[in-house]
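Chemist: Structure supplied as model36.csv; contents: CSV, C-alpha atoms.
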```csv
chain,number,residue,atom,x,y,z
G,95,MET,CA,-21.7,-17.7,57.0
G,96,PRO,CA,-18.8,-17.5,54.5
G,97,ALA,CA,-18.4,-14.3,52.4
G,98,PRO,CA,-20.0,-14.5,49.0
G,99,ARG,CA,-17.6,-15.2,46.1
G,100,ARG,CA,-16.9,-12.3,43.8
G,101,ASP,CA,-16.2,-14.1,40.6
G,102,CYS,CA,-18.4,-13.4,37.6
G,103,CYS,CA,-20.4,-16.5,36.9
G,104,TRP,CA,-21.4,-17.3,40.5
G,105,PRO,CA,-23.9,-14.4,40.8
G,106,LEU,CA,-25.8,-15.8,37.8
G,107,LEU,CA,-26.7,-18.9,39.9
G,108,THR,CA,-27.2,-17.3,43.4
G,109,MET,CA,-28.4,-13.8,42.4
G,110,PRO,CA,-32.2,-14.4,43.0
G,111,ARG,CA,-31.7,-15.9,46.5
G,112,LEU,CA,-29.2,-13.3,47.6
G,113,ARG,CA,-31.1,-10.4,46.1
G,114,ARG,CA,-34.1,-11.3,48.3
G,115,ARG,CA,-31.8,-11.2,51.3
G,116,GLY,CA,-30.3,-7.9,50.3
G,117,ALA,CA,-26.8,-9.5,50.2
G,118,LEU,CA,-26.0,-8.7,46.6
G,119,ARG,CA,-26.2,-5.7,44.3
G,120,GLU,CA,-26.6,-5.8,40.5
G,121,PRO,CA,-23.3,-6.9,38.8
G,122,ALA,CA,-21.5,-4.2,36.8
G,123,GLY,CA,-21.0,-6.6,33.9
G,124,CYS,CA,-19.7,-10.0,33.0
G,125,CYS,CA,-16.3,-8.8,31.7
G,126,TYR,CA,-14.3,-11.5,33.5
G,127,CYS,CA,-16.3,-14.2,31.7
G,128,LEU,CA,-15.6,-12.6,28.4
G,129,VAL,CA,-11.9,-12.4,29.1
G,130,ALA,CA,-11.8,-16.0,30.3
G,131,ALA,CA,-13.7,-17.2,27.2
G,132,LEU,CA,-11.3,-15.4,24.9
G,133,ALA,CA,-8.3,-16.8,26.7
G,134,LEU,CA,-9.7,-20.3,26.6
G,135,LEU,CA,-10.3,-19.9,22.8
G,136,LEU,CA,-6.7,-18.9,22.2
G,137,LEU,CA,-5.4,-21.8,24.3
G,138,LEU,CA,-7.5,-24.3,22.3
G,139,LEU,CA,-6.2,-23.0,18.9
G,140,PRO,CA,-3.1,-24.8,17.7
G,141,ALA,CA,0.1,-22.8,17.4
G,142,GLY,CA,0.8,-21.4,14.0
G,143,CYS,CA,-2.5,-22.6,12.5
G,144,PRO,CA,-2.8,-21.8,8.8
G,145,VAL,CA,-6.3,-20.3,9.0
G,146,ARG,CA,-7.5,-17.5,6.8
G,147,ALA,CA,-10.5,-15.2,7.2
G,148,GLN,CA,-13.4,-15.1,4.9
G,149,ASN,CA,-11.9,-12.3,2.9
G,150,ASP,CA,-8.6,-14.2,2.4
G,151,THR,CA,-6.5,-12.0,4.6
G,152,GLU,CA,-3.4,-13.1,6.4
G,153,PRO,CA,-4.0,-14.6,9.9
G,154,ILE,CA,-3.1,-12.4,12.8
G,155,VAL,CA,-0.6,-14.2,15.1
G,156,LEU,CA,-0.7,-13.4,18.8
G,157,GLU,CA,2.0,-15.2,20.9
G,158,GLY,CA,1.9,-18.1,18.5
G,159,LYS,CA,-1.9,-18.3,18.4
G,160,CYS,CA,-4.1,-17.5,15.4
G,161,LEU,CA,-6.9,-15.0,15.6
G,162,VAL,CA,-9.3,-15.2,12.7
G,163,VAL,CA,-11.4,-12.2,11.8
G,164,CYS,CA,-14.5,-13.1,9.8
G,165,ASP,CA,-16.9,-10.2,10.4
G,166,SER,CA,-15.3,-7.5,8.4
G,167,SER,CA,-16.0,-4.7,5.9
G,168,PRO,CA,-13.4,-3.3,3.5
G,169,SER,CA,-12.7,0.4,3.6
G,170,ALA,CA,-11.8,2.7,0.7
G,171,ASP,CA,-8.0,2.3,1.2
G,172,GLY,CA,-8.0,-1.5,1.1
G,173,ALA,CA,-8.0,-2.0,4.9
G,174,VAL,CA,-10.5,-4.3,6.7
G,175,THR,CA,-11.9,-3.2,10.0
G,176,SER,CA,-13.7,-5.9,12.0
G,177,SER,CA,-16.4,-5.5,14.6
G,178,LEU,CA,-13.6,-6.1,17.2
G,179,GLY,CA,-11.9,-2.9,16.1
G,180,ILE,CA,-9.0,-4.9,14.5
G,181,SER,CA,-7.7,-3.5,11.2
G,182,VAL,CA,-6.0,-5.8,8.7
G,183,ARG,CA,-4.9,-5.4,5.1
G,184,SER,CA,-6.7,-7.4,2.4
G,185,GLY,CA,-5.1,-8.9,-0.7
G,186,SER,CA,-6.6,-6.0,-2.7
G,187,ALA,CA,-4.2,-3.6,-0.9
G,188,LYS,CA,-1.3,-4.7,-3.2
G,189,VAL,CA,-0.1,-2.0,-5.5
G,190,ALA,CA,2.4,-2.3,-8.3
G,191,PHE,CA,3.0,-1.0,-11.9
G,192,SER,CA,5.5,-1.3,-14.6
G,193,ALA,CA,5.3,0.6,-17.9
G,194,ILE,CA,7.5,0.6,-21.0
G,195,ARG,CA,8.0,2.5,-24.2
G,196,SER,CA,7.6,0.0,-27.0
G,197,THR,CA,8.0,2.3,-30.1
G,198,ASN,CA,10.6,4.7,-31.2
G,199,HIS,CA,8.4,7.5,-32.4
G,200,GLU,CA,9.4,11.1,-31.8
G,201,PRO,CA,7.8,12.9,-28.9
G,202,SER,CA,4.2,14.1,-29.5
G,203,GLU,CA,3.2,17.7,-29.4
G,204,MET,CA,1.9,17.3,-25.9
G,205,SER,CA,5.1,15.8,-24.7
G,206,ASN,CA,7.1,18.6,-26.2
G,207,ARG,CA,4.9,21.1,-24.4
G,208,THR,CA,4.8,19.5,-20.9
G,209,MET,CA,8.1,17.6,-21.2
G,210,THR,CA,6.4,14.6,-19.6
G,211,ILE,CA,7.9,11.3,-20.6
G,212,TYR,CA,5.1,9.1,-21.8
G,213,PHE,CA,4.8,5.3,-22.0
G,214,ASP,CA,2.7,3.3,-24.4
G,215,GLN,CA,2.4,-0.2,-22.8
G,216,VAL,CA,1.7,-1.4,-19.3
G,217,LEU,CA,3.2,-4.8,-18.2
G,218,VAL,CA,1.9,-4.7,-14.7
G,219,ASN,CA,-0.8,-2.5,-13.2
G,220,ILE,CA,-2.1,-4.1,-10.0
G,221,GLY,CA,-4.8,-1.9,-8.5
G,222,ASN,CA,-4.9,0.2,-11.8
G,223,HIS,CA,-3.3,3.2,-10.2
G,224,PHE,CA,-1.0,4.0,-13.1
G,225,ASP,CA,-2.8,5.9,-15.9
G,226,LEU,CA,-1.2,5.1,-19.2
G,227,ALA,CA,-2.6,8.1,-21.1
G,228,SER,CA,-1.1,10.6,-18.8
G,229,SER,CA,1.8,8.3,-17.6
G,230,ILE,CA,1.0,9.4,-14.0
G,231,PHE,CA,0.9,7.2,-10.9
G,232,VAL,CA,-1.6,8.2,-8.2
G,233,ALA,CA,-1.0,6.7,-4.7
G,234,PRO,CA,-4.2,4.9,-3.5
G,235,ARG,CA,-3.1,5.2,0.2
G,236,LYS,CA,-0.5,6.6,2.5
G,237,GLY,CA,2.7,4.5,2.6
G,238,ILE,CA,6.3,4.0,1.5
G,239,TYR,CA,6.6,3.4,-2.2
G,240,SER,CA,9.6,2.4,-4.4
G,241,PHE,CA,10.1,3.8,-7.8
G,242,SER,CA,12.7,3.2,-10.5
G,243,PHE,CA,13.2,4.4,-14.1
G,244,HIS,CA,15.4,3.9,-17.1
G,245,VAL,CA,15.0,6.4,-19.9
G,246,VAL,CA,16.9,5.6,-23.0
G,247,LYS,CA,18.0,8.2,-25.5
G,248,VAL,CA,18.6,7.0,-29.1
G,249,TYR,CA,21.0,8.6,-31.6
G,250,ASN,CA,21.1,11.7,-29.6
G,251,ARG,CA,24.4,13.5,-28.7
G,252,GLN,CA,22.7,15.9,-26.2
G,253,THR,CA,22.9,15.4,-22.5
G,254,ILE,CA,19.5,14.6,-21.0
G,255,GLN,CA,18.2,15.1,-17.5
G,256,VAL,CA,15.3,13.0,-16.3
G,257,SER,CA,13.5,13.9,-13.0
G,258,LEU,CA,11.0,11.9,-11.0
G,259,MET,CA,8.3,14.4,-10.0
G,260,GLN,CA,6.1,14.1,-6.9
G,261,ASN,CA,3.2,16.5,-7.0
G,262,GLY,CA,4.9,18.7,-9.5
G,263,TYR,CA,8.3,18.9,-7.7
G,264,PRO,CA,11.5,17.1,-8.7
G,265,VAL,CA,12.7,14.5,-6.1
G,266,ILE,CA,15.5,12.7,-7.9
G,267,SER,CA,17.2,13.1,-11.3
G,268,ALA,CA,19.4,11.1,-13.6
G,269,PHE,CA,21.6,12.1,-16.5
G,270,ALA,CA,22.8,10.6,-19.8
G,271,GLY,CA,25.4,12.5,-21.8
G,272,ASP,CA,27.8,10.2,-23.6
G,273,GLN,CA,28.2,11.4,-27.2
G,274,ASP,CA,30.0,8.3,-28.4
G,275,VAL,CA,27.2,5.7,-28.0
G,276,THR,CA,24.0,5.3,-30.0
G,277,ARG,CA,21.9,4.4,-26.9
G,278,GLU,CA,22.3,5.4,-23.3
G,279,ALA,CA,20.0,5.4,-20.3
G,280,ALA,CA,19.4,7.8,-17.5
G,281,SER,CA,18.5,5.6,-14.5
G,282,ASN,CA,17.7,6.1,-10.9
G,283,GLY,CA,15.5,4.8,-8.0
G,284,VAL,CA,14.2,6.0,-4.7
G,285,LEU,CA,11.9,5.2,-1.8
G,286,LEU,CA,9.2,7.9,-1.2
G,287,HIS,CA,6.8,8.6,1.7
G,288,MET,CA,3.5,9.4,-0.1
G,289,GLU,CA,0.1,10.5,1.1
G,290,ARG,CA,-3.1,9.3,-0.5
G,291,GLU,CA,-3.6,10.8,-4.0
G,292,ASP,CA,0.0,12.0,-4.3
G,293,LYS,CA,1.1,11.9,-8.0
G,294,VAL,CA,4.3,10.8,-9.5
G,295,HIS,CA,5.6,11.0,-13.1
G,296,LEU,CA,8.8,11.4,-15.1
G,297,LYS,CA,9.8,14.7,-16.7
G,298,LEU,CA,12.5,15.6,-19.2
G,299,GLU,CA,14.2,18.6,-17.5
G,300,ARG,CA,17.1,19.0,-20.0
G,301,GLY,CA,17.9,18.0,-23.6
G,302,ASN,CA,15.4,16.3,-25.9
G,303,LEU,CA,14.4,12.8,-26.9
G,304,MET,CA,14.0,13.5,-30.6
G,305,GLY,CA,15.4,10.1,-31.5
G,306,GLY,CA,12.8,8.5,-29.4
G,307,TRP,CA,13.0,6.5,-26.1
G,308,LYS,CA,12.2,3.0,-27.0
G,309,TYR,CA,13.0,0.4,-24.3
G,310,SER,CA,12.6,3.0,-21.5
G,311,THR,CA,10.8,1.7,-18.3
G,312,PHE,CA,9.1,3.2,-15.3
G,313,SER,CA,8.1,1.0,-12.4
G,314,GLY,CA,6.9,1.4,-8.8
G,315,PHE,CA,5.2,-0.5,-6.0
G,316,LEU,CA,3.9,-0.1,-2.5
G,317,VAL,CA,6.5,-1.3,0.0
G,318,PHE,CA,4.2,-1.1,3.0
G,319,PRO,CA,1.2,1.1,4.1
G,320,LEU,CA,1.3,3.6,7.0
```
Would you kindly transcribe this structure into structure tokens?
Modeler:
Amino acid sequence: MPAPRRDCCWPLLTMPRLRRRGALREPAGCCYCLVAALALLLLLLPAGCPVRAQNDTEPIVLEGKCLVVCDSSPSADGAVTSSLGISVRSGSAKVAFSAIRSTNHEPSEMSNRTMTIYFDQVLVNIGNHFDLASSIFVAPRKGIYSFSFHVVKVYNRQTIQVSLMQNGYPVISAFAGDQDVTREAASNGVLLHMEREDKVHLKLERGNLMGGWKYSTFSGFLVFPL
């Protein structure tokens, strides 16, 4: 009598007969069938198919095949974890802001005390992680972020130093000190590794902005999450 086959699907048909004869023990599981079914599914999908999941996430490409994750639940940081244990980023994970100073009023009493550079208009605030009242950006998730600023001094002969502060500590600075121009900008930019709930704002470390800082800008965005 030939030896029984050890593939996964054959015992489903012959198990009752062989079990009576004592020739077959209970199978450990139908793992080979699952692997074969998944492989067949990937082979049947056309290469580079433009399919999106129900939550409008980007398709996951595996060796030119598309794997669509439909059963998912978003987490607090914007990631989506499916029942298969696959984590993808949804469209809500996009983060960007850009704020400007649209008036030329002199610094407020609060600004003179804290030396925080405040902005009064938001052009872009995707995710609403920039608070206009405090002019502070709070990182919604761990990642690499890009920041840039241009702080304009008006009719001011003093040298100013503007620093980008991360959690209360200066990271980069920029200076403007030309006494022969009516307007000059202290400008700089940087990439930062940030943890969730890290805070970033601009601080005037030297000089004053008594002439105002109209046309100044402060912008940032998430380059990629970690």
Chemist: Near G:Arg277, counting all atoms listed in the file, which residues have an atom at most 10 Å away, once you skip same-chain residues fewer than 2 positions from it, shown as a PyMOL selection string?
Modeler: chain G and resi 246-251+270+272-275+279+305+307-308
Chemist: Output C-alpha atoms for every residue in that selection, as a tab-separated table (two decimals), in the coordinates of the input.
Modeler:
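Below is the file that was written, selection.tsv:
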```tsv
chain	number	residue	atom	x	y	z
G	246	VAL	CA	16.90	5.60	-23.00
G	247	LYS	CA	18.00	8.20	-25.50
G	248	VAL	CA	18.60	7.00	-29.10
G	249	TYR	CA	21.00	8.60	-31.60
G	250	ASN	CA	21.10	11.70	-29.60
G	251	ARG	CA	24.40	13.50	-28.70
G	270	ALA	CA	22.80	10.60	-19.80
G	272	ASP	CA	27.80	10.20	-23.60
G	273	GLN	CA	28.20	11.40	-27.20
G	274	ASP	CA	30.00	8.30	-28.40
G	275	VAL	CA	27.20	5.70	-28.00
G	279	ALA	CA	20.00	5.40	-20.30
G	305	GLY	CA	15.40	10.10	-31.50
G	307	TRP	CA	13.00	6.50	-26.10
G	308	LYS	CA	12.20	3.00	-27.00
```
Chemist: G:Thr276, G:Ser310, G:Ala190, G:Gln260: which is nearest G:Phe224, counting all atoms listed in the file?
Modeler: G:Ala190
Chemist: Using all atoms listed in the file, which protein or nucleic acid residues come within 7 Å of G:Ser242? Drop anything in the same chain fewer than 3 positions from it, and give the result as a ChimeraX atom specification.
Modeler: /G:282-284,312-314
Chemist: If I take atom CA of G:Glu291 and atom CA of G:Arg235, how far is one from the other in Å, to one decimal?
Modeler: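 Straight-line distance from atom CA of G:Glu291 to atom CA of G:Arg235 works out to 7.0 Å.
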Chemist: Closest to G:Tyr263 among G:His199, G:His244, G:Arg290, G:His295, using only C-alpha atoms?
Modeler: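 Answer, going by the shortest atom-to-atom distance: G:His295.
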Chemist: When you look at G:Ser257 with a cut-off of 6 Å (counting only C-alpha atoms), what residues show up, excluding the ones that are within fewer than 2 positions of it in the same chain? I need them as a list in words.
Modeler: Pro264, Ile266, Ser267, Leu296 and Lys297 of chain G
Chemist: Add whatever atoms are absent from stretch 275-299 of chain G to reach N, CA, C and O atoms, and provide the output as a PDB file, in the frame of the given file.
Modeler:
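Listing of out.pdb after writing:
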```
ATOM      1  N   VAL G 275      27.994   6.960 -27.956  1.00  0.00           N
ATOM      2  CA  VAL G 275      27.200   5.700 -28.000  1.00  0.00           C
ATOM      3  C   VAL G 275      25.850   6.070 -28.659  1.00  0.00           C
ATOM      4  O   VAL G 275      25.376   7.208 -28.627  1.00  0.00           O
ATOM      5  N   THR G 276      25.260   5.069 -29.304  1.00  0.00           N
ATOM      6  CA  THR G 276      24.000   5.300 -30.000  1.00  0.00           C
ATOM      7  C   THR G 276      22.806   5.213 -29.008  1.00  0.00           C
ATOM      8  O   THR G 276      21.764   5.798 -29.262  1.00  0.00           O
ATOM      9  N   ARG G 277      22.973   4.488 -27.924  1.00  0.00           N
ATOM     10  CA  ARG G 277      21.900   4.400 -26.900  1.00  0.00           C
ATOM     11  C   ARG G 277      22.531   4.489 -25.521  1.00  0.00           C
ATOM     12  O   ARG G 277      23.554   3.875 -25.239  1.00  0.00           O
ATOM     13  N   GLU G 278      21.864   5.264 -24.680  1.00  0.00           N
ATOM     14  CA  GLU G 278      22.300   5.400 -23.300  1.00  0.00           C
ATOM     15  C   GLU G 278      21.099   5.703 -22.423  1.00  0.00           C
ATOM     16  O   GLU G 278      20.133   6.348 -22.871  1.00  0.00           O
ATOM     17  N   ALA G 279      21.147   5.222 -21.174  1.00  0.00           N
ATOM     18  CA  ALA G 279      20.000   5.400 -20.300  1.00  0.00           C
ATOM     19  C   ALA G 279      20.301   6.230 -19.095  1.00  0.00           C
ATOM     20  O   ALA G 279      21.382   6.134 -18.504  1.00  0.00           O
ATOM     21  N   ALA G 280      19.352   7.088 -18.766  1.00  0.00           N
ATOM     22  CA  ALA G 280      19.400   7.800 -17.500  1.00  0.00           C
ATOM     23  C   ALA G 280      18.548   7.032 -16.499  1.00  0.00           C
ATOM     24  O   ALA G 280      17.343   6.845 -16.690  1.00  0.00           O
ATOM     25  N   SER G 281      19.205   6.539 -15.449  1.00  0.00           N
ATOM     26  CA  SER G 281      18.500   5.600 -14.500  1.00  0.00           C
ATOM     27  C   SER G 281      18.693   6.056 -13.087  1.00  0.00           C
ATOM     28  O   SER G 281      19.731   6.609 -12.697  1.00  0.00           O
ATOM     29  N   ASN G 282      17.656   5.780 -12.295  1.00  0.00           N
ATOM     30  CA  ASN G 282      17.700   6.100 -10.900  1.00  0.00           C
ATOM     31  C   ASN G 282      16.554   5.386 -10.174  1.00  0.00           C
ATOM     32  O   ASN G 282      15.667   4.826 -10.823  1.00  0.00           O
ATOM     33  N   GLY G 283      16.585   5.392  -8.841  1.00  0.00           N
ATOM     34  CA  GLY G 283      15.500   4.800  -8.000  1.00  0.00           C
ATOM     35  C   GLY G 283      15.475   5.406  -6.670  1.00  0.00           C
ATOM     36  O   GLY G 283      16.449   5.994  -6.191  1.00  0.00           O
ATOM     37  N   VAL G 284      14.317   5.285  -6.010  1.00  0.00           N
ATOM     38  CA  VAL G 284      14.200   6.000  -4.700  1.00  0.00           C
ATOM     39  C   VAL G 284      12.985   5.347  -3.970  1.00  0.00           C
ATOM     40  O   VAL G 284      12.086   4.734  -4.563  1.00  0.00           O
ATOM     41  N   LEU G 285      13.015   5.517  -2.635  1.00  0.00           N
ATOM     42  CA  LEU G 285      11.900   5.200  -1.800  1.00  0.00           C
ATOM     43  C   LEU G 285      11.232   6.564  -1.386  1.00  0.00           C
ATOM     44  O   LEU G 285      11.937   7.498  -0.982  1.00  0.00           O
ATOM     45  N   LEU G 286       9.896   6.644  -1.475  1.00  0.00           N
ATOM     46  CA  LEU G 286       9.200   7.900  -1.200  1.00  0.00           C
ATOM     47  C   LEU G 286       8.106   7.648  -0.134  1.00  0.00           C
ATOM     48  O   LEU G 286       7.405   6.629  -0.187  1.00  0.00           O
ATOM     49  N   HIS G 287       7.972   8.610   0.780  1.00  0.00           N
ATOM     50  CA  HIS G 287       6.800   8.600   1.700  1.00  0.00           C
ATOM     51  C   HIS G 287       5.727   9.413   0.960  1.00  0.00           C
ATOM     52  O   HIS G 287       5.879  10.596   0.639  1.00  0.00           O
ATOM     53  N   MET G 288       4.599   8.744   0.709  1.00  0.00           N
ATOM     54  CA  MET G 288       3.500   9.400  -0.100  1.00  0.00           C
ATOM     55  C   MET G 288       2.221   9.357   0.710  1.00  0.00           C
ATOM     56  O   MET G 288       1.931   8.412   1.449  1.00  0.00           O
ATOM     57  N   GLU G 289       1.471  10.423   0.522  1.00  0.00           N
ATOM     58  CA  GLU G 289       0.100  10.500   1.100  1.00  0.00           C
ATOM     59  C   GLU G 289      -0.857  10.003  -0.003  1.00  0.00           C
ATOM     60  O   GLU G 289      -0.506   9.855  -1.173  1.00  0.00           O
ATOM     61  N   ARG G 290      -2.063   9.735   0.424  1.00  0.00           N
ATOM     62  CA  ARG G 290      -3.100   9.300  -0.500  1.00  0.00           C
ATOM     63  C   ARG G 290      -3.337  10.382  -1.572  1.00  0.00           C
ATOM     64  O   ARG G 290      -3.402  11.569  -1.260  1.00  0.00           O
ATOM     65  N   GLU G 291      -3.399   9.959  -2.848  1.00  0.00           N
ATOM     66  CA  GLU G 291      -3.600  10.800  -4.000  1.00  0.00           C
ATOM     67  C   GLU G 291      -2.430  11.648  -4.393  1.00  0.00           C
ATOM     68  O   GLU G 291      -2.543  12.542  -5.232  1.00  0.00           O
ATOM     69  N   ASP G 292      -1.261  11.411  -3.806  1.00  0.00           N
ATOM     70  CA  ASP G 292       0.000  12.000  -4.300  1.00  0.00           C
ATOM     71  C   ASP G 292       0.224  11.461  -5.736  1.00  0.00           C
ATOM     72  O   ASP G 292      -0.096  10.316  -6.027  1.00  0.00           O
ATOM     73  N   LYS G 293       0.835  12.303  -6.583  1.00  0.00           N
ATOM     74  CA  LYS G 293       1.100  11.900  -8.000  1.00  0.00           C
ATOM     75  C   LYS G 293       2.559  11.888  -8.289  1.00  0.00           C
ATOM     76  O   LYS G 293       3.326  12.719  -7.803  1.00  0.00           O
ATOM     77  N   VAL G 294       2.947  10.916  -9.121  1.00  0.00           N
ATOM     78  CA  VAL G 294       4.300  10.800  -9.500  1.00  0.00           C
ATOM     79  C   VAL G 294       4.402  10.537 -11.034  1.00  0.00           C
ATOM     80  O   VAL G 294       3.603   9.759 -11.578  1.00  0.00           O
ATOM     81  N   HIS G 295       5.334  11.225 -11.698  1.00  0.00           N
ATOM     82  CA  HIS G 295       5.600  11.000 -13.100  1.00  0.00           C
ATOM     83  C   HIS G 295       7.005  11.368 -13.451  1.00  0.00           C
ATOM     84  O   HIS G 295       7.741  11.894 -12.592  1.00  0.00           O
ATOM     85  N   LEU G 296       7.412  11.113 -14.687  1.00  0.00           N
ATOM     86  CA  LEU G 296       8.800  11.400 -15.100  1.00  0.00           C
ATOM     87  C   LEU G 296       8.720  12.659 -16.058  1.00  0.00           C
ATOM     88  O   LEU G 296       7.821  12.798 -16.886  1.00  0.00           O
ATOM     89  N   LYS G 297       9.723  13.518 -15.898  1.00  0.00           N
ATOM     90  CA  LYS G 297       9.800  14.700 -16.700  1.00  0.00           C
ATOM     91  C   LYS G 297      11.200  14.909 -17.267  1.00  0.00           C
ATOM     92  O   LYS G 297      12.198  14.680 -16.581  1.00  0.00           O
ATOM     93  N   LEU G 298      11.245  15.316 -18.525  1.00  0.00           N
ATOM     94  CA  LEU G 298      12.500  15.600 -19.200  1.00  0.00           C
ATOM     95  C   LEU G 298      12.871  17.070 -18.850  1.00  0.00           C
ATOM     96  O   LEU G 298      12.254  17.997 -19.362  1.00  0.00           O
ATOM     97  N   GLU G 299      13.864  17.266 -17.991  1.00  0.00           N
ATOM     98  CA  GLU G 299      14.200  18.600 -17.500  1.00  0.00           C
ATOM     99  C   GLU G 299      15.293  19.272 -18.394  1.00  0.00           C
ATOM    100  O   GLU G 299      15.449  20.503 -18.372  1.00  0.00           O
TER     101      GLU G 299
END
```
